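Chemist: Could you have a look at this structure, given as structure tokens, before my questions?
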Amino acid sequence: MSLTTTSPTFGSRALGAIRVLISPRGAVFLLLAVLLVSVTVLNPNFADPSQFIRFIQRVSPIALVAIGQYFVIVSGEFDLSMGSVITAQVVIAGNLIGQDESKSVPVLLLMIAFGIVVGLVNGLVTTLLGVPSFIVTLGMMLALLGGVFYVTGGSASGNPADGFREIGRGGIRGVPVFDIIPWAVIVLAIALVVAIWISKSPFGKTLIAVGDNVTTQQFSGVRVWWVKTRAFIISALCSTVAGVLLVGYAGVHPSVGRGYEFIAITAVVLGGVVLGGGRGWVVAAVAGAFALEALFTLLNFADVPSTWRDTIQGVIIIAAVAYSAVAFRARRKTRTPQASPISGKEPDPDGDPAQSAHTQQNHGG
Amino acid sequence: MRRSINTAAAIVGIAAVVALAGCTTDPSVTTPTNDPPPTEEINWFDQAVFDKQDAERGVTPEGPEGQPWLQYINAEFTDTSAFASPGAKKVCFANASISNPWRVTGWITMNQQLKVLQDSGAISEMETRDAQDSDDTQIADIDFFIEDGNCDLFLISPNSTAAMTPAVERACATGKPVIVFDRGVLTDCPVTFIHPIGGFAWGIDTAEFLIGNLEPGDKVVALRILPGVDVLETRWAAAKKLFEEAGIEAVDYFTGADPAEIKKIISDELAKGDVKGVWMDAGDGGVAALEAFEDAGVDYPVMTGEDQIAFLKKWQSTGITGLAPVYSNFQWRTALLAVQKIFAGEEVPKEWILPQKPITASELDAVLTVNEGMPDGHYATFGGEDLPGYPEVWQQRIVP
């Protein structure tokens, strides 16, 4: 009692911090913290800086696809082609660079160009032809995987030169405390800074606005097709960079990248980004990627039998997302009189999400 | 009202999950969750088959020297004079899939063998239907061949054992010869069933090698591609039993053959403690496993992979203590050679058990010389060295 009266600022600040953590926006950070602490309890080595930096290294490709997927999802679309773009890029690197290190830069440029073309096609077919992005990118996924199979005959010719693989596998050695700073961690740091900058730029804000309500944005003169297409290009480029990291980390194999589109969507949803667009924070999406990988590590350290892993992973993911949904609904209930945070949607006196607001409107009209 | 029920349900669900997650984070509580596996072990482990395959490993195969694809172990021959007939025949091939590098390698070899048999006038054509790993599709494929295929012989590489049995029986009922190879079916109606010794023999070869090179109490990480496939499950069932008997601590993981996944698993295991051995139920991704040891800066493990080129090359360059078990890829070729024998009225083994001999360190260099220039996903026991197109067709991996 005396503690709260003597230091009210501390108490209220702590309360505020807790409120943020249990809010849907901060839930992913709470989940991440819980997972990291659990991992460390099971294996104290994990907290060793040289081990932890390796952990960040291996999350990097997943975090990159989460960043790419974030921009697409927040604009109200899906990109299911991310994993297959990674696979295609990995195979391109393996087949074209081979053991000739001097080809690294030209092939890298080719890979970037390939990524831009994939994003452009995804974006233009979705926006200009009006085909749902779910279908467009699914088709792109099948086309790319089929192409990879045709080119490789189900087997890549071999890993590219070690110099090229260094990006995903090596790093700056002899660093105090960390021992090694992997290039992948530096790439992720740069990508994250760029992503934050993009989301704060006018383009990033328009993207969210488009995801929230396309019609109002069209009326206010936004070139929706170009905004969304750029999101798809960012996504394909993120996959490309992830592919470069993975070809170093893992090597060339037609299975590299498999399932990454769903890992990315899961990470983004864990990060509290709303499917259908209009709300989200790119940093939380990256935290979602870290949480997913921490969960994987936790299951490894906890000696969970292999037959149980997928089930436990699935249940925890559902629970985490369900928690944010429930917490979000509860929070909206407590501040009924305020305007809805979803701009362009009716404030909701009942506290129930959009559904009831819409039905009321329909009844009225 | 409805909302409060929903909320209550959600809270109950979350509480359950928290409890579940709590269990998994507490190492002392994880052992009891091993309860379910016993039923699984009983499913895949079969002592009689284990003993049979164990004995077959020691049998010297009969048949032509230097042509393992025509050799056989403990054969009981079946008379095929009823099928003897002159002229080129049409073969209808119901293939489970070409969805992994092992099957692609076999498929390429098979097509080169087909060219030889077409040139010699034994086979007119081979019509192939690829079931893309689907039981339903393969049943439809077989029924199509029976009704409309105008086939002289049915060649079947089953997608799964139980599900394909009735379709194979329908094919047998036509009175035309049926050949089954690779995975089996639960009927002996086919003229011949062609396969290498089997998964238990693989498990025994690999486990004995690791046990012989390790001390009791050492840890082995077992990397498995996917659950539920009999030819893979039997490999693990045998190895697991032997590891347990020898006091080797073995933990298994499913990897999907994804090298990124394999590398993470090994890294985490190395963070937990020493890993002395790596066992694989298929060698795809073996290189990533060894790279994880390099990245962690620790000594290489004793390892069993497979006769896949990527693993063999890594084995040669690192000089690890290794063994490459094989699931003889040349059986794809044997299947077509059996067609020729059946229409010539020559007797064939009812169960044609092909040799399945692991590649040892002393043979490694010679094997890699024969397979010079082959891509990473190629399998060394493809058995096509004397076929037209060698080595370019396999080097370019030209998939028909």
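Identifiers in this document derive from the order of the structure tokens: chains are assigned A, B, ..., residues are numbered from 1 separately in each chain, and ligands are numbered from 1 in order of occurrence.
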For Gly26 (chain A), please output as a ChimeraX atom specification all residues within 12 Å (counting only C-alpha atoms; exclusion window: fewer than 4 positions along the same chain).
Modeler: /A:16-22,30-33,270-273,280-281,283-285,287-288,320,323-324,327-328
Chemist: For the residues selected in the previous step, produce a file with N, CA and C atoms as a PDB file, in the first residue's frame.
Modeler:
```
ATOM      1  N   GLY A  16       1.376   0.390 -16.956  1.00  0.00           N
ATOM      2  CA  GLY A  16       1.289   0.712 -18.384  1.00  0.00           C
ATOM      3  C   GLY A  16       2.023  -0.319 -19.227  1.00  0.00           C
ATOM      4  N   ALA A  17       3.216  -0.703 -18.745  1.00  0.00           N
ATOM      5  CA  ALA A  17       4.018  -1.674 -19.494  1.00  0.00           C
ATOM      6  C   ALA A  17       3.290  -3.009 -19.570  1.00  0.00           C
ATOM      7  N   ILE A  18       2.708  -3.407 -18.431  1.00  0.00           N
ATOM      8  CA  ILE A  18       1.973  -4.678 -18.419  1.00  0.00           C
ATOM      9  C   ILE A  18       0.791  -4.599 -19.373  1.00  0.00           C
ATOM     10  N   ARG A  19       0.138  -3.406 -19.345  1.00  0.00           N
ATOM     11  CA  ARG A  19      -1.028  -3.240 -20.208  1.00  0.00           C
ATOM     12  C   ARG A  19      -0.627  -3.410 -21.682  1.00  0.00           C
ATOM     13  N   VAL A  20       0.527  -2.850 -22.031  1.00  0.00           N
ATOM     14  CA  VAL A  20       0.993  -2.981 -23.421  1.00  0.00           C
ATOM     15  C   VAL A  20       1.268  -4.452 -23.740  1.00  0.00           C
ATOM     16  N   LEU A  21       1.886  -5.147 -22.772  1.00  0.00           N
ATOM     17  CA  LEU A  21       2.259  -6.534 -23.033  1.00  0.00           C
ATOM     18  C   LEU A  21       1.050  -7.437 -23.208  1.00  0.00           C
ATOM     19  N   ILE A  22       0.005  -7.180 -22.402  1.00  0.00           N
ATOM     20  CA  ILE A  22      -1.156  -8.057 -22.555  1.00  0.00           C
ATOM     21  C   ILE A  22      -2.112  -7.544 -23.617  1.00  0.00           C
ATOM     22  N   LEU A  30       5.299 -10.605 -25.420  1.00  0.00           N
ATOM     23  CA  LEU A  30       5.164 -11.393 -24.191  1.00  0.00           C
ATOM     24  C   LEU A  30       5.418 -12.875 -24.492  1.00  0.00           C
ATOM     25  N   LEU A  31       4.801 -13.347 -25.569  1.00  0.00           N
ATOM     26  CA  LEU A  31       4.974 -14.743 -25.970  1.00  0.00           C
ATOM     27  C   LEU A  31       6.451 -15.036 -26.243  1.00  0.00           C
ATOM     28  N   LEU A  32       7.083 -14.124 -26.975  1.00  0.00           N
ATOM     29  CA  LEU A  32       8.496 -14.296 -27.307  1.00  0.00           C
ATOM     30  C   LEU A  32       9.346 -14.362 -26.040  1.00  0.00           C
ATOM     31  N   ALA A  33       9.054 -13.435 -25.104  1.00  0.00           N
ATOM     32  CA  ALA A  33       9.823 -13.407 -23.858  1.00  0.00           C
ATOM     33  C   ALA A  33       9.649 -14.714 -23.088  1.00  0.00           C
ATOM     34  N   LEU A 270       0.715 -13.956 -35.772  1.00  0.00           N
ATOM     35  CA  LEU A 270       1.171 -13.941 -34.378  1.00  0.00           C
ATOM     36  C   LEU A 270       1.531 -12.525 -33.960  1.00  0.00           C
ATOM     37  N   GLY A 271       2.050 -11.751 -34.899  1.00  0.00           N
ATOM     38  CA  GLY A 271       2.434 -10.376 -34.633  1.00  0.00           C
ATOM     39  C   GLY A 271       1.249  -9.431 -34.578  1.00  0.00           C
ATOM     40  N   GLY A 272       0.043  -9.977 -34.581  1.00  0.00           N
ATOM     41  CA  GLY A 272      -1.137  -9.152 -34.391  1.00  0.00           C
ATOM     42  C   GLY A 272      -1.588  -8.420 -35.641  1.00  0.00           C
ATOM     43  N   VAL A 273      -1.021  -8.778 -36.787  1.00  0.00           N
ATOM     44  CA  VAL A 273      -1.443  -8.138 -38.029  1.00  0.00           C
ATOM     45  C   VAL A 273      -2.762  -8.777 -38.449  1.00  0.00           C
ATOM     46  N   GLY A 280      -1.619  -3.294 -38.441  1.00  0.00           N
ATOM     47  CA  GLY A 280      -0.446  -4.118 -38.178  1.00  0.00           C
ATOM     48  C   GLY A 280       0.798  -3.285 -37.987  1.00  0.00           C
ATOM     49  N   TRP A 281       1.823  -3.965 -37.438  1.00  0.00           N
ATOM     50  CA  TRP A 281       3.079  -3.295 -37.129  1.00  0.00           C
ATOM     51  C   TRP A 281       4.190  -4.241 -37.566  1.00  0.00           C
ATOM     52  N   VAL A 283       7.307  -4.465 -36.887  1.00  0.00           N
ATOM     53  CA  VAL A 283       8.199  -4.973 -35.840  1.00  0.00           C
ATOM     54  C   VAL A 283       7.558  -6.171 -35.128  1.00  0.00           C
ATOM     55  N   ALA A 284       6.239  -6.084 -34.933  1.00  0.00           N
ATOM     56  CA  ALA A 284       5.539  -7.195 -34.287  1.00  0.00           C
ATOM     57  C   ALA A 284       5.561  -8.431 -35.184  1.00  0.00           C
ATOM     58  N   ALA A 285       5.484  -8.210 -36.499  1.00  0.00           N
ATOM     59  CA  ALA A 285       5.547  -9.348 -37.422  1.00  0.00           C
ATOM     60  C   ALA A 285       6.903 -10.046 -37.311  1.00  0.00           C
ATOM     61  N   ALA A 287       8.798  -9.969 -34.660  1.00  0.00           N
ATOM     62  CA  ALA A 287       8.767 -10.654 -33.363  1.00  0.00           C
ATOM     63  C   ALA A 287       8.022 -11.973 -33.479  1.00  0.00           C
ATOM     64  N   GLY A 288       6.981 -12.001 -34.315  1.00  0.00           N
ATOM     65  CA  GLY A 288       6.239 -13.238 -34.553  1.00  0.00           C
ATOM     66  C   GLY A 288       7.147 -14.309 -35.136  1.00  0.00           C
ATOM     67  N   ALA A 320      -2.100 -18.602 -29.161  1.00  0.00           N
ATOM     68  CA  ALA A 320      -1.551 -17.259 -29.155  1.00  0.00           C
ATOM     69  C   ALA A 320      -2.422 -16.314 -29.967  1.00  0.00           C
ATOM     70  N   TYR A 323      -5.655 -15.724 -28.227  1.00  0.00           N
ATOM     71  CA  TYR A 323      -5.466 -14.794 -27.126  1.00  0.00           C
ATOM     72  C   TYR A 323      -5.523 -13.359 -27.622  1.00  0.00           C
ATOM     73  N   SER A 324      -4.811 -13.070 -28.729  1.00  0.00           N
ATOM     74  CA  SER A 324      -4.860 -11.679 -29.193  1.00  0.00           C
ATOM     75  C   SER A 324      -6.259 -11.301 -29.616  1.00  0.00           C
ATOM     76  N   ALA A 327      -8.228 -10.739 -26.387  1.00  0.00           N
ATOM     77  CA  ALA A 327      -7.757  -9.533 -25.706  1.00  0.00           C
ATOM     78  C   ALA A 327      -8.182  -8.291 -26.466  1.00  0.00           C
ATOM     79  N   PHE A 328      -8.145  -8.389 -27.782  1.00  0.00           N
ATOM     80  CA  PHE A 328      -8.517  -7.239 -28.601  1.00  0.00           C
ATOM     81  C   PHE A 328      -9.991  -6.917 -28.416  1.00  0.00           C
TER      82      PHE A 328
END
```
Chemist: Got a sec: who's within 9 Å of Asn95 (chain B), counting only C-alpha atoms, leaving out chain neighbours fewer than 6 positions off, as a list in words?
Modeler: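 Surrounding residues, per the criterion: Thr128, Arg129, Asp130, Ala131, Gln132, Asp133, Gln138, Asp141, Leu155, Ile156, Ser157, Pro158 and Asn159 of chain B.
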Chemist: Can you measure CA of Val370 (chain B) to CA of Pro301 (chain B) for me? One decimal in Å is fine.
Modeler: 26.8 Å
Chemist: Counting only C-alpha atoms, which residue out of A:Phe149, A:Phe164, A:Phe134, A:Trp225 sits closest to chain B?
Modeler: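 When distances to chain B are compared using only C-alpha atoms, the smallest one comes from A:Phe149.
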Chemist: Write out as number ranges by chain the set of residues from region 185-352 of chain A that DSSP, computed on the backbone, places in alpha helix (DSSP H).
Modeler: A: 185-200, 202-212, 214-219, 224-249, 260-270, 282-301, 309-334
Chemist: Please return, as a list in words, all residues of chain B lying within 6 Å of chain A when only C-alpha atoms are considered.
Modeler: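 Listed by rising number, the hits are Ile14, Pro27, Pro101, Tyr253, Asp258, Pro259, Ala260, Ala288, Pro375, Asp376, Gly377, Arg397 and Val399 of chain B.
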Chemist: To one decimal in Å, tell me the separation between CA of Gly228 (chain B) and CA of Gly58 (chain B).
Modeler: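 About the pair CA of Gly228 (chain B) and CA of Gly58 (chain B): they are 28.2 Å apart.
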Chemist: Give the answer as one residue: which of B:Ile108, B:Leu354, B:Ala344, B:Leu364 has the shortest atom-to-atom distance to Glu306 (chain B), using only C-alpha atoms?
Modeler: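 Under the stated criterion, the closest residue is B:Leu364.
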Chemist: Would you pick out the contacts of region 139-145 of chain A at 9 Å or less, using only C-alpha atoms, so that residues sharing its chain but fewer than 6 positions from it are not included, and give the list as a ChimeraX atom specification?
Modeler: /A:80-85,87-88,118,121-122,254
Chemist: May I have the selected residues written with all heavy atoms, as a PDB file, in the first residue's frame?
Modeler:
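And here is the file that came out, result_6.pdb:
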```
ATOM      1  N   LEU A  80       1.201 -16.249 -51.435  1.00  0.00           N
ATOM      2  CA  LEU A  80       1.504 -17.661 -51.196  1.00  0.00           C
ATOM      3  C   LEU A  80       2.711 -18.130 -52.003  1.00  0.00           C
ATOM      4  O   LEU A  80       3.104 -19.282 -51.926  1.00  0.00           O
ATOM      5  CB  LEU A  80       0.296 -18.530 -51.572  1.00  0.00           C
ATOM      6  CG  LEU A  80      -0.968 -18.312 -50.758  1.00  0.00           C
ATOM      7  CD1 LEU A  80      -2.038 -19.307 -51.172  1.00  0.00           C
ATOM      8  CD2 LEU A  80      -0.684 -18.463 -49.276  1.00  0.00           C
ATOM      9  N   SER A  81       3.281 -17.228 -52.791  1.00  0.00           N
ATOM     10  CA  SER A  81       4.384 -17.658 -53.663  1.00  0.00           C
ATOM     11  C   SER A  81       5.751 -17.487 -53.004  1.00  0.00           C
ATOM     12  O   SER A  81       6.766 -17.811 -53.600  1.00  0.00           O
ATOM     13  CB  SER A  81       4.345 -16.879 -54.978  1.00  0.00           C
ATOM     14  OG  SER A  81       4.644 -15.521 -54.749  1.00  0.00           O
ATOM     15  N   MET A  82       5.784 -17.000 -51.753  1.00  0.00           N
ATOM     16  CA  MET A  82       7.080 -16.673 -51.138  1.00  0.00           C
ATOM     17  C   MET A  82       8.019 -17.880 -51.055  1.00  0.00           C
ATOM     18  O   MET A  82       9.191 -17.794 -51.397  1.00  0.00           O
ATOM     19  CB  MET A  82       6.884 -16.097 -49.743  1.00  0.00           C
ATOM     20  CG  MET A  82       6.145 -14.779 -49.744  1.00  0.00           C
ATOM     21  SD  MET A  82       6.291 -13.929 -48.163  1.00  0.00           S
ATOM     22  CE  MET A  82       7.813 -13.041 -48.390  1.00  0.00           C
ATOM     23  N   GLY A  83       7.480 -19.003 -50.573  1.00  0.00           N
ATOM     24  CA  GLY A  83       8.327 -20.190 -50.423  1.00  0.00           C
ATOM     25  C   GLY A  83       8.890 -20.654 -51.752  1.00  0.00           C
ATOM     26  O   GLY A  83      10.064 -21.003 -51.860  1.00  0.00           O
ATOM     27  N   SER A  84       8.034 -20.623 -52.783  1.00  0.00           N
ATOM     28  CA  SER A  84       8.498 -21.106 -54.084  1.00  0.00           C
ATOM     29  C   SER A  84       9.494 -20.132 -54.702  1.00  0.00           C
ATOM     30  O   SER A  84      10.375 -20.557 -55.456  1.00  0.00           O
ATOM     31  CB  SER A  84       7.311 -21.337 -55.020  1.00  0.00           C
ATOM     32  OG  SER A  84       6.605 -20.141 -55.191  1.00  0.00           O
ATOM     33  N   VAL A  85       9.366 -18.837 -54.407  1.00  0.00           N
ATOM     34  CA  VAL A  85      10.377 -17.881 -54.888  1.00  0.00           C
ATOM     35  C   VAL A  85      11.719 -18.234 -54.248  1.00  0.00           C
ATOM     36  O   VAL A  85      12.760 -18.266 -54.922  1.00  0.00           O
ATOM     37  CB  VAL A  85       9.982 -16.424 -54.567  1.00  0.00           C
ATOM     38  CG1 VAL A  85      11.129 -15.472 -54.888  1.00  0.00           C
ATOM     39  CG2 VAL A  85       8.750 -16.024 -55.350  1.00  0.00           C
ATOM     40  N   THR A  87      12.696 -21.193 -53.185  1.00  0.00           N
ATOM     41  CA  THR A  87      13.181 -22.417 -53.819  1.00  0.00           C
ATOM     42  C   THR A  87      13.795 -22.106 -55.183  1.00  0.00           C
ATOM     43  O   THR A  87      14.889 -22.577 -55.510  1.00  0.00           O
ATOM     44  CB  THR A  87      12.015 -23.414 -53.988  1.00  0.00           C
ATOM     45  OG1 THR A  87      11.350 -23.537 -52.738  1.00  0.00           O
ATOM     46  CG2 THR A  87      12.508 -24.766 -54.431  1.00  0.00           C
ATOM     47  N   ALA A  88      13.070 -21.301 -55.978  1.00  0.00           N
ATOM     48  CA  ALA A  88      13.562 -20.981 -57.319  1.00  0.00           C
ATOM     49  C   ALA A  88      14.897 -20.238 -57.235  1.00  0.00           C
ATOM     50  O   ALA A  88      15.841 -20.550 -57.965  1.00  0.00           O
ATOM     51  CB  ALA A  88      12.526 -20.138 -58.065  1.00  0.00           C
ATOM     52  N   VAL A 118       8.635 -11.467 -60.628  1.00  0.00           N
ATOM     53  CA  VAL A 118       7.618 -12.286 -59.958  1.00  0.00           C
ATOM     54  C   VAL A 118       6.641 -11.387 -59.201  1.00  0.00           C
ATOM     55  O   VAL A 118       5.415 -11.529 -59.319  1.00  0.00           O
ATOM     56  CB  VAL A 118       8.268 -13.296 -58.984  1.00  0.00           C
ATOM     57  CG1 VAL A 118       7.216 -13.949 -58.099  1.00  0.00           C
ATOM     58  CG2 VAL A 118       9.039 -14.353 -59.752  1.00  0.00           C
ATOM     59  N   VAL A 121       4.361  -9.463 -61.629  1.00  0.00           N
ATOM     60  CA  VAL A 121       3.302 -10.298 -62.205  1.00  0.00           C
ATOM     61  C   VAL A 121       2.218 -10.552 -61.152  1.00  0.00           C
ATOM     62  O   VAL A 121       1.024 -10.376 -61.421  1.00  0.00           O
ATOM     63  CB  VAL A 121       3.883 -11.632 -62.729  1.00  0.00           C
ATOM     64  CG1 VAL A 121       2.768 -12.587 -63.132  1.00  0.00           C
ATOM     65  CG2 VAL A 121       4.819 -11.372 -63.902  1.00  0.00           C
ATOM     66  N   ASN A 122       2.644 -10.946 -59.939  1.00  0.00           N
ATOM     67  CA  ASN A 122       1.667 -11.169 -58.858  1.00  0.00           C
ATOM     68  C   ASN A 122       0.799  -9.933 -58.672  1.00  0.00           C
ATOM     69  O   ASN A 122      -0.429 -10.018 -58.588  1.00  0.00           O
ATOM     70  CB  ASN A 122       2.386 -11.447 -57.539  1.00  0.00           C
ATOM     71  CG  ASN A 122       2.836 -12.891 -57.408  1.00  0.00           C
ATOM     72  OD1 ASN A 122       2.342 -13.762 -58.114  1.00  0.00           O
ATOM     73  ND2 ASN A 122       3.779 -13.131 -56.526  1.00  0.00           N
ATOM     74  N   PRO A 254      15.775 -28.902 -53.508  1.00  0.00           N
ATOM     75  CA  PRO A 254      14.439 -28.468 -53.936  1.00  0.00           C
ATOM     76  C   PRO A 254      13.454 -28.284 -52.768  1.00  0.00           C
ATOM     77  O   PRO A 254      12.390 -27.717 -52.965  1.00  0.00           O
ATOM     78  CB  PRO A 254      13.976 -29.597 -54.861  1.00  0.00           C
ATOM     79  CG  PRO A 254      15.215 -30.293 -55.289  1.00  0.00           C
ATOM     80  CD  PRO A 254      16.193 -30.140 -54.167  1.00  0.00           C
TER      81      PRO A 254
END
```
Chemist: Tell me, as a short mmCIF file (atom, residue, chain, number, x, y, z; two decimals) with N, CA and C atoms, in the first residue's frame, which residues lie within 10 Å of Gly175 (chain B), counting only C-alpha atoms; anything in the same chain fewer than 4 positions away does not count.
Modeler:
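Output contents, as saved in result16.cif:
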```
data_model
loop_
_atom_site.label_atom_id
_atom_site.label_comp_id
_atom_site.auth_asym_id
_atom_site.auth_seq_id
_atom_site.Cartn_x
_atom_site.Cartn_y
_atom_site.Cartn_z
N PHE B 83 2.98 -67.48 -70.35
CA PHE B 83 2.97 -66.11 -70.89
C PHE B 83 3.86 -65.98 -72.12
N ASP B 152 -0.34 -55.41 -72.59
CA ASP B 152 0.07 -56.81 -72.56
C ASP B 152 0.56 -57.20 -71.18
N LEU B 153 0.95 -56.20 -70.37
CA LEU B 153 1.50 -56.49 -69.04
C LEU B 153 1.31 -55.26 -68.16
N ARG B 170 -7.27 -56.85 -59.14
CA ARG B 170 -8.09 -56.70 -60.35
C ARG B 170 -7.21 -56.86 -61.60
N ALA B 171 -6.00 -56.31 -61.53
CA ALA B 171 -5.09 -56.43 -62.68
C ALA B 171 -4.73 -57.90 -62.90
#
```
